[in-house]
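Shown next, in structure tokens, is the structure this report addresses.
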Amino acid sequence: MIQATLNLDTAIRQTWDVLVVGAGPAGAMAAHQLARDGFQVLLLDRKSFPRSKVCGGCFNAYAMSILEQAGLSESVNRLGSIPTREFSLWQRTRNVTLRVPGGIAVSRKAFDAALVDAAISVGTEFLDSSQAELEEHGDDFVSVALSSGGQRGLTRARVVVLAGGLGSQFLKKSPSFRTKVSATTRIGIGGAVPNPDGWFQGGTIYMAVARNGYAGIVQVEDGSLNIAAAVDRSLVKSLGRAELAVASILRDAGLPHDQIPLNGQTGDAHDGSFGEWKGTTGLTCRTTPVAGDRVFLLGDAAGYVEPFTGEGIAWALASAVAVTPLVSAAVEQWDPRLARQWIELHRRTIHSRQQLCRAVAGTLRHPFLVSVILRLLSWSPSLATPVIRRLNAQISLP
């Protein structure tokens, strides 16, 4: 159980070196790195911790290498994470299974809590169930309004790191930042259900592809199935329920959706009770610029596209590590060139990697093309090796 280390009154009485908004992987990792370097860091999140997330529970090989370099891999291993070695792609009852580099599967509820706990252990102060809103800039600080439990107050920070995820409201008063959502974007749907008959094997990432979206399924540390889907808004609208859209994709791809229990019972997923589900805004979006006066954006708040086997977590962790030297310099002495450096570094590293996933997402919208690819991969699985290597390759950071 993660508990706040201070209350709102204490938070607003102090001027912080760094205020990190959002305690997901990007925010918690940034807080950990900065607090470990001796800065006074306040990490806050609008949700009460621990909390569930729509995002899937896959962490690819590159994400694991970042955690290891930060000295956090053991904290994750203690959660009972399941090593992932295979990727099984399904469409219209046809499937192909590919080997993937060593990653893990673990619930975001457990992982995010462990990362926040690690940040607290090196000196980060943590406040959950709190909203933050950008107010104004001073000569040497940023003023931020904090609200929690019906109370509201202003705090100050020399630098703000925004890692508030998709649809963050932190910048809504600032005309300097603009988030553009793709007109063709799909929305995210996620949930966790039991695995009663064990058909879905631990260590394998299953991906069901249909005309109106795709869904990834993986078994996590508590034995449950973590399901994360990207679906067309029109499918959800036509069926009336988000969970029915997910069930439809599993059925069309030939995966045994009838093995997934519904309210504790096994049966037809189309009865409308497919477990507890959460949704997101449009998945493919981009915020520009990704840095401003004493403000750095990272993780999903800076831009996002539909990921597949843990790329989103890797982007978040990588951006946190990459931005840390710039934030450290900004605390000591603000220079507008630091914002321009982050804009360029983010474009060359994180944004460029996202474009590969955007290309794959575009391919998945064409069922005939997917069927051709499946036939080719069933004949020669090694054809997928360059893409798999690219998705798991380390990002070169200065």
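Note on naming: chains are A, B, ... as they come in the structure tokens, residues start from 1 per chain, ligands start from 1 in the order shown.
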Polymer residues at most 8 Å from A:Val18, only C-alpha atoms, same-chain spacing of 3 or more positions, as a PyMOL selection string: chain A and resi 39-42+157-161+331
Members of stretch 137-367 of chain A assigned strand (DSSP E or B) by DSSP, as an MDAnalysis selection string: chainID A and resid 137 142:148 151:162 178:181 187:193 204:210 213:219 225:231 261:262 265:266 277:282 285:288 291:292 295:297 303:304
Shortest interatomic distance to A:Asn226 - which of A:Lys53, A:His32, A:Arg294, A:Arg211, counting only C-alpha atoms: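 When distances to A:Asn226 are compared using only C-alpha atoms, the smallest one comes from A:Lys53.
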Who sits within 10 Å of A:Leu374, only C-alpha atoms, same chain under 5 positions skipped, as a VMD selection string: chain A and resid 89 to 91 94 to 97 368 to 369 379 to 381
Keeping only N, CA and C atoms, write those residues as a PDB file, in the first residue's frame.
ATOM      1  N   LEU A  89       0.217 -13.926 -32.788  1.00  0.00           N
ATOM      2  CA  LEU A  89      -0.643 -13.030 -33.554  1.00  0.00           C
ATOM      3  C   LEU A  89      -1.777 -13.823 -34.193  1.00  0.00           C
ATOM      4  N   TRP A  90      -3.028 -13.365 -33.984  1.00  0.00           N
ATOM      5  CA  TRP A  90      -4.214 -14.074 -34.451  1.00  0.00           C
ATOM      6  C   TRP A  90      -5.074 -13.176 -35.336  1.00  0.00           C
ATOM      7  N   GLN A  91      -5.542 -13.774 -36.444  1.00  0.00           N
ATOM      8  CA  GLN A  91      -6.523 -13.101 -37.305  1.00  0.00           C
ATOM      9  C   GLN A  91      -7.346 -14.168 -38.028  1.00  0.00           C
ATOM     10  N   ARG A  94      -6.484 -17.826 -37.987  1.00  0.00           N
ATOM     11  CA  ARG A  94      -5.105 -18.124 -38.385  1.00  0.00           C
ATOM     12  C   ARG A  94      -4.172 -17.451 -37.386  1.00  0.00           C
ATOM     13  N   ASN A  95      -3.095 -18.125 -37.023  1.00  0.00           N
ATOM     14  CA  ASN A  95      -2.175 -17.502 -36.079  1.00  0.00           C
ATOM     15  C   ASN A  95      -0.740 -17.896 -36.375  1.00  0.00           C
ATOM     16  N   VAL A  96       0.175 -17.054 -35.912  1.00  0.00           N
ATOM     17  CA  VAL A  96       1.601 -17.334 -36.009  1.00  0.00           C
ATOM     18  C   VAL A  96       2.246 -16.887 -34.705  1.00  0.00           C
ATOM     19  N   THR A  97       3.176 -17.681 -34.210  1.00  0.00           N
ATOM     20  CA  THR A  97       3.854 -17.378 -32.954  1.00  0.00           C
ATOM     21  C   THR A  97       5.316 -17.075 -33.216  1.00  0.00           C
ATOM     22  N   PHE A 368      -6.656  -7.571 -45.270  1.00  0.00           N
ATOM     23  CA  PHE A 368      -6.034  -8.375 -46.325  1.00  0.00           C
ATOM     24  C   PHE A 368      -4.522  -8.350 -46.194  1.00  0.00           C
ATOM     25  N   LEU A 369      -3.969  -7.178 -45.908  1.00  0.00           N
ATOM     26  CA  LEU A 369      -2.518  -7.060 -45.753  1.00  0.00           C
ATOM     27  C   LEU A 369      -2.037  -7.866 -44.554  1.00  0.00           C
ATOM     28  N   TRP A 379       5.359 -19.126 -43.036  1.00  0.00           N
ATOM     29  CA  TRP A 379       6.354 -19.794 -43.892  1.00  0.00           C
ATOM     30  C   TRP A 379       7.775 -19.501 -43.419  1.00  0.00           C
ATOM     31  N   SER A 380       8.018 -18.240 -43.009  1.00  0.00           N
ATOM     32  CA  SER A 380       9.362 -17.854 -42.568  1.00  0.00           C
ATOM     33  C   SER A 380       9.263 -16.844 -41.431  1.00  0.00           C
ATOM     34  N   PRO A 381       9.204 -17.288 -40.173  1.00  0.00           N
ATOM     35  CA  PRO A 381       9.084 -16.372 -39.025  1.00  0.00           C
ATOM     36  C   PRO A 381      10.217 -15.356 -38.942  1.00  0.00           C
TER      37      PRO A 381
END
Identify all residues of stretch 67-260 of chain A in helix (DSSP H, G or I) (DSSP on the backbone) and supply them as a short mmCIF file (atom, residue, chain, number, x, y, z; two decimals) with C-alpha atoms, in the first residue's frame.
data_model
loop_
_atom_site.label_atom_id
_atom_site.label_comp_id
_atom_site.auth_asym_id
_atom_site.auth_seq_id
_atom_site.Cartn_x
_atom_site.Cartn_y
_atom_site.Cartn_z
CA LEU A 67 15.19 -0.45 -15.12
CA GLU A 68 18.38 -2.44 -14.67
CA GLN A 69 20.60 0.58 -15.35
CA SER A 73 15.04 -4.31 -11.87
CA GLU A 74 15.12 -6.19 -8.57
CA SER A 75 12.15 -4.16 -7.28
CA VAL A 76 10.16 -5.31 -10.31
CA ASN A 77 11.31 -8.92 -10.06
CA ARG A 108 0.45 -1.73 -13.96
CA LYS A 109 -1.15 -1.48 -10.54
CA ALA A 110 1.76 -3.39 -8.99
CA PHE A 111 4.51 -1.92 -11.18
CA ASP A 112 3.55 1.74 -10.78
CA ALA A 113 3.25 1.33 -7.01
CA ALA A 114 6.70 -0.26 -6.86
CA LEU A 115 8.24 2.56 -8.90
CA VAL A 116 6.61 5.21 -6.69
CA ASP A 117 7.87 3.36 -3.60
CA ALA A 118 11.39 3.36 -5.08
CA ALA A 119 11.16 7.11 -5.68
CA ILE A 120 10.03 7.68 -2.08
CA SER A 121 12.92 5.56 -0.80
CA ARG A 233 -15.00 4.53 -31.80
CA SER A 234 -17.65 3.39 -34.28
CA LEU A 235 -17.45 -0.20 -33.01
CA VAL A 236 -18.04 0.87 -29.41
CA LYS A 237 -20.88 3.14 -30.51
CA SER A 238 -22.59 0.43 -32.55
CA LEU A 239 -22.37 -2.20 -29.79
CA ALA A 242 -16.80 -1.06 -24.51
CA GLU A 243 -16.49 -4.65 -23.31
CA LEU A 244 -18.62 -5.89 -26.19
CA ALA A 245 -16.19 -4.29 -28.62
CA VAL A 246 -13.31 -6.22 -27.04
CA ALA A 247 -15.30 -9.46 -27.09
CA SER A 248 -16.12 -8.91 -30.75
CA ILE A 249 -12.44 -8.52 -31.66
CA LEU A 250 -11.46 -11.71 -29.78
CA ARG A 251 -14.26 -13.66 -31.44
CA ASP A 252 -13.43 -12.41 -34.95
CA ALA A 253 -9.76 -13.27 -34.52
CA HIS A 257 -13.38 -15.52 -25.74
CA ASP A 258 -15.84 -18.00 -24.25
CA GLN A 259 -13.04 -19.09 -21.89
#
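Of the residues listed (A:Gly27, A:Gly216, A:Pro101, A:Gly150), A:Pro101 shows the shortest atom-to-atom separation from A:Ala393; distances use only C-alpha atoms.
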Separation of atom CA of A:Lys180 from atom CA of A:Glu135 in Å: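 Atom CA of A:Lys180 lies 22.0 Å from atom CA of A:Glu135.
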What's the 9 Å shell around A:Val321, counting only C-alpha atoms, without same-chain residues fewer than 5 positions away, as a CSV table (one decimal) with C-alpha atoms, in the first residue's frame?
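File part.csv, as written:
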chain,number,residue,atom,x,y,z
A,26,ALA,CA,7.6,8.4,-16.8
A,29,MET,CA,11.2,7.3,-12.9
A,30,ALA,CA,12.0,11.0,-13.4
A,33,GLN,CA,16.4,9.9,-10.8
A,66,ILE,CA,16.5,0.9,-18.4
A,70,ALA,CA,18.6,2.6,-12.8
A,316,ALA,CA,8.0,6.6,-20.8
A,397,LEU,CA,20.8,8.9,-25.6
Among the residues A:Leu364, A:Pro175, A:Thr204, A:Val100, the one that comes closest to A:Val231 [using only C-alpha atoms]: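 Ranking A:Leu364, A:Pro175, A:Thr204, A:Val100 by distance to A:Val231, first place goes to A:Leu364.
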For atom CA of A:Ala320 and atom CA of A:Ile350, the interatomic separation in Å (one decimal):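 Separating atom CA of A:Ala320 from atom CA of A:Ile350 is a distance of 10.8 Å.
The two atoms in question, atom CA of A:Gly202 and atom CA of A:Gly80, are spaced 12.1 Å apart.
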Test item: residues at most 9 Å from A:Gln3, only C-alpha atoms, excluding those fewer than 6 positions along its chain, as a PyMOL selection string: chain A and resi 48-50+126-128
Find the residues of stretch 30-117 of chain A that sit at most 12 Å from stretch 303-307 of chain A; for each, write down the nearest two atoms and how far apart they are in Å, to one decimal. Count only C-alpha atoms. Sort by chain, then by number going up, and give it as a tab-separated table.
residue	atom	partner	partner_atom	distance
A:Cys55	CA	A:Pro307	CA	9.6
A:Gly56	CA	A:Pro307	CA	9.4
A:Gly57	CA	A:Pro307	CA	11.8
A:Cys58	CA	A:Pro307	CA	10.3
A:Phe59	CA	A:Pro307	CA	11.2
A:Asn60	CA	A:Pro307	CA	11.2
Could you turn the residues from that selection into a file that holds C-alpha atoms, as a CSV table (one decimal), in the first residue's frame?
chain,number,residue,atom,x,y,z
A,55,CYS,CA,-2.5,0.3,-20.4
A,56,GLY,CA,-1.3,-3.3,-21.0
A,57,GLY,CA,1.1,-5.0,-18.6
A,58,CYS,CA,3.9,-5.8,-21.0
A,59,PHE,CA,7.5,-4.5,-20.6
A,60,ASN,CA,9.8,-5.1,-23.5
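Shortest atom-to-atom contact with A:Glu86 among A:Val290, A:Val122, A:Ala105, A:Ala330: A:Ala105, counting only C-alpha atoms.
Proximity ranking of A:Gly24, A:Ala361, A:Arg46, A:Leu72 relative to A:Tyr214 places A:Ala361 first, based on only C-alpha atoms.
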Non-local contacts of A:Leu298 (6 Å; only C-alpha atoms; under 3 positions in same chain excluded) as number ranges by chain: A: 163, 301-302, 319
A:Ser129, A:Ser148, A:Thr124, A:Ser174 ranked by distance to A:Thr5, top pick (using only C-alpha atoms):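 Of all the options, A:Thr124 lies closest to A:Thr5.
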